[in-house]
Amino acid sequence: MFEVAMLVTSVCGVLVAVWLLWRARKQSDLQALAGFAIMMAIWCFGHVVLFQGYEQIGIHIILANPLMPTFFLHFAIRFVNSVPVKEPMLEHLYRAVPWFYLTSFAVVLQSWWIGAGDAISTLDTRSFFIFTEAGAWNLAYTVLIGILAHGVLLFGWYRHSGNKKRSILAMFGVGAWGLLLATSFVFPSFGISWFPYPMLLLPTYLLLLVYAVVRYQILSVNAFANRALLWVAMMLVILCVIAVISVVSGRIGLQALANVPSWQLWLYSLLILVVAALIYQPLSRLISRLIYPGASLNEAVLDTWSTQLKEAQYWTELTSVGEQLLSRQIRQNVAIQLQHGDHSVDEQNNALAIQVFRSESDWHFVLIGWEDASPGMRLTAEVFASLFTTSCGLLERSLALAVAERKRMDEQHLVELGSLSAAMAHELRNPLNIISMAAYDAPAETRQHIQTQLKRADRLVSDMLVYSGGLSLQIVATPLRSLIASVLAQAQLEGVAFELDIDESIELDADPQRLQQVFINLIDNAVSFLRSTPDGKLFIEAEEEDQQLVIRVHNNGPAIDASLQGEALFQPFVTKRAGGSGLGLAIVRRIVDAHGGKIQHRSDSTWPVTFELILPRHFSGTAISNREIHDSK
């Protein structure tokens, strides 16, 4: 068993060294670790040679053990002395590495020269290596270099962080394991007659050391370690089962099985396990193709699907890309039906389709028309549909973020526009005042014309300030009829008749000044069109409906253009009125919205033009004065 353990360690050392040298193309510090693996392989092979009776050759090979910690010291310096740790002390040690190698070779040569090693017979009459008195220097130097290497690692653990720090900590744990295994090697040299059983586990030291170094740097190693640990666990289970069988089989009448040596049962079971490991992947692929013929899903296909679906920026683009990917994979046309809310299955023309719908919590899919498809095609469709629903969720969140960002930019733009409008209004009023004073001595007709245009400009400036600024509402109980009557009394109706049908008792919680501005704009707007209409009439009525006031402002002027009806009518700078600013109705809607109401144009009335205002009797916000209402449009 000792020979087998040493031989397995030698083979593992060579294989690990080859793999490390291959990886060293990208990580140069692994070259020294590969040298350590090779030296361990040679050192263990020396024990095998010694057991086979070639004592001098075996002793000379084993006496080369100072080279093992020297290679490991070289690796530790390279491993630790990297970004972000760059220490002058480590730089000096790195420059001294050739001298460490030279000294180690000198110690090996001196050990050969003075006969630092010998061989004794163990309990089974085989030869085993021991150090002579002259070999104490060889052993002491080896231990000293090993302590220095682990001291460098300890310094690196103190200075590094993250995965590098974790790797160093793992190496320390493996180093403790290696020290425990190697301690039994020197027992015979000190006269302790005890077979070095811990050395039987020496193959694990090399593998664990390399894994501790690379597990945080090379992800594929973790996958290999996962499989290796699984097989080791299965081997241990087999050992336990064999032990139970050896004990129980004789008692239950299976004498033939009880007479088979346990090591043979274990060897046969291990052979079965190895064969199973070798044929597992090919059989798995074969069975998968038998059960799911035509399905060729692999990591590359899934990565391609995921990448291309994530690149879609719109729902139509996502649907189109999904149909192309799945149709190309199964070589048949597939339709993807993307729906929101409740879904309804639509099976028409026996076409293959995937219906994807949004429920309250998540995205789901339904396969339509796949009953006659092969199991392989159906499996492909299910995998793709699952990935597609994930992409729908990602796109939904992406679009929501984009909408929120656009809204934020719009609000920021409106704030900037409001500041700019206020500044422009202030700058415009100064020259308007100067023009007004300069026109004082002008002829009466010219002065009248100038004053008319100045009033128009001043009204435009006032409207811009109202529309672009914040609204401060001072809510009080306001009698509606008297408020509208005061507006009509001050308005220049120019012969337009008016009628009020509003009860004197009607009151509402509102800002009287802002509400007055609403009716000024509506009445002025109506009068401007009624001047040219014979028998122009304005009719305002109000009625109570479920804690709300419905106010309708009618006039018999020309009907509003169909192109302006709806939301367009209340957009800023939209007007058919001669000399109008295009802000009157936009300001009206803004004030009505601030009060928690709404305004709309009614085309189903008996009057040519009707504006309907719906205002709450009681203000829905908390009763606080100077409540700031900002436009979010």
# chains A, B, ... in the order shown; residues from 1 in each chain; ligands from 1
>>> select_by_dssp(residues="region 380-622 of chain A", states="helix (DSSP H, G or I)", output="NGL selection string")
:A and (380-441 or 444-468 or 480-490 or 512-530 or 562-564 or 566-570 or 584-594)
>>> residues_around(residues="region 315-318 of chain A", least_positions_apart="6", cutoff="9 Å", atoms="only C-alpha atoms", output="PyMOL selection string")
chain A and resi 308-309+338+388+391-392+395-396
>>> residues_around(residues="region 167-174 of chain A", least_positions_apart="4", cutoff="7 Å", atoms="only C-alpha atoms", output="PyMOL selection string")
chain A and resi 153+157+163+178+205+208-209+212-213+216
>>> select_by_dssp(residues="region 430-621 of chain A", states="strand (DSSP E)", output="PyMOL selection string")
chain A and resi 471-473+476-479+497-501+507-510+537-545+548-555+598-602+609-616
>>> write_last_selection(atoms="C-alpha atoms", output="PDB file, in the first residue's frame")
ATOM      1  CA  LEU A 471     -49.426  77.473  -8.128  1.00  0.00           C
ATOM      2  CA  SER A 472     -49.981  78.587  -4.529  1.00  0.00           C
ATOM      3  CA  LEU A 473     -53.555  77.818  -3.494  1.00  0.00           C
ATOM      4  CA  VAL A 476     -61.363  79.209   1.509  1.00  0.00           C
ATOM      5  CA  ALA A 477     -65.125  78.723   1.268  1.00  0.00           C
ATOM      6  CA  THR A 478     -66.080  80.513  -1.974  1.00  0.00           C
ATOM      7  CA  PRO A 479     -69.638  81.399  -3.141  1.00  0.00           C
ATOM      8  CA  ALA A 497     -75.816  88.703 -23.627  1.00  0.00           C
ATOM      9  CA  PHE A 498     -75.264  86.438 -20.663  1.00  0.00           C
ATOM     10  CA  GLU A 499     -77.348  84.385 -18.253  1.00  0.00           C
ATOM     11  CA  LEU A 500     -76.484  82.671 -14.954  1.00  0.00           C
ATOM     12  CA  ASP A 501     -78.289  79.610 -13.650  1.00  0.00           C
ATOM     13  CA  GLU A 507     -70.217  77.152  -2.178  1.00  0.00           C
ATOM     14  CA  LEU A 508     -67.008  75.224  -2.692  1.00  0.00           C
ATOM     15  CA  ASP A 509     -63.535  75.067  -1.137  1.00  0.00           C
ATOM     16  CA  ALA A 510     -61.277  76.867  -3.599  1.00  0.00           C
ATOM     17  CA  LYS A 537     -75.107  84.682 -25.934  1.00  0.00           C
ATOM     18  CA  LEU A 538     -73.207  83.263 -22.967  1.00  0.00           C
ATOM     19  CA  PHE A 539     -74.920  80.873 -20.573  1.00  0.00           C
ATOM     20  CA  ILE A 540     -73.325  79.525 -17.348  1.00  0.00           C
ATOM     21  CA  GLU A 541     -75.030  76.902 -15.199  1.00  0.00           C
ATOM     22  CA  ALA A 542     -74.010  74.791 -12.191  1.00  0.00           C
ATOM     23  CA  GLU A 543     -75.460  71.814 -10.345  1.00  0.00           C
ATOM     24  CA  GLU A 544     -74.408  69.577  -7.466  1.00  0.00           C
ATOM     25  CA  GLU A 545     -73.665  65.880  -8.047  1.00  0.00           C
ATOM     26  CA  GLN A 548     -69.080  67.661  -6.723  1.00  0.00           C
ATOM     27  CA  LEU A 549     -70.016  70.766  -8.673  1.00  0.00           C
ATOM     28  CA  VAL A 550     -70.583  70.443 -12.398  1.00  0.00           C
ATOM     29  CA  ILE A 551     -70.238  73.844 -14.046  1.00  0.00           C
ATOM     30  CA  ARG A 552     -70.983  74.274 -17.743  1.00  0.00           C
ATOM     31  CA  VAL A 553     -70.026  77.368 -19.730  1.00  0.00           C
ATOM     32  CA  HIS A 554     -72.056  77.500 -22.987  1.00  0.00           C
ATOM     33  CA  ASN A 555     -71.947  79.942 -25.871  1.00  0.00           C
ATOM     34  CA  LYS A 598     -61.103  68.309 -14.369  1.00  0.00           C
ATOM     35  CA  ILE A 599     -62.227  70.241 -17.431  1.00  0.00           C
ATOM     36  CA  GLN A 600     -63.368  68.997 -20.806  1.00  0.00           C
ATOM     37  CA  HIS A 601     -64.965  70.213 -23.998  1.00  0.00           C
ATOM     38  CA  ARG A 602     -68.436  68.739 -24.626  1.00  0.00           C
ATOM     39  CA  VAL A 609     -69.588  75.306 -27.660  1.00  0.00           C
ATOM     40  CA  THR A 610     -69.642  73.888 -24.111  1.00  0.00           C
ATOM     41  CA  PHE A 611     -66.860  73.635 -21.534  1.00  0.00           C
ATOM     42  CA  GLU A 612     -67.636  71.446 -18.526  1.00  0.00           C
ATOM     43  CA  LEU A 613     -65.793  71.883 -15.217  1.00  0.00           C
ATOM     44  CA  ILE A 614     -66.094  69.271 -12.456  1.00  0.00           C
ATOM     45  CA  LEU A 615     -64.813  70.566  -9.110  1.00  0.00           C
ATOM     46  CA  PRO A 616     -65.023  68.947  -5.652  1.00  0.00           C
TER      47      PRO A 616
END
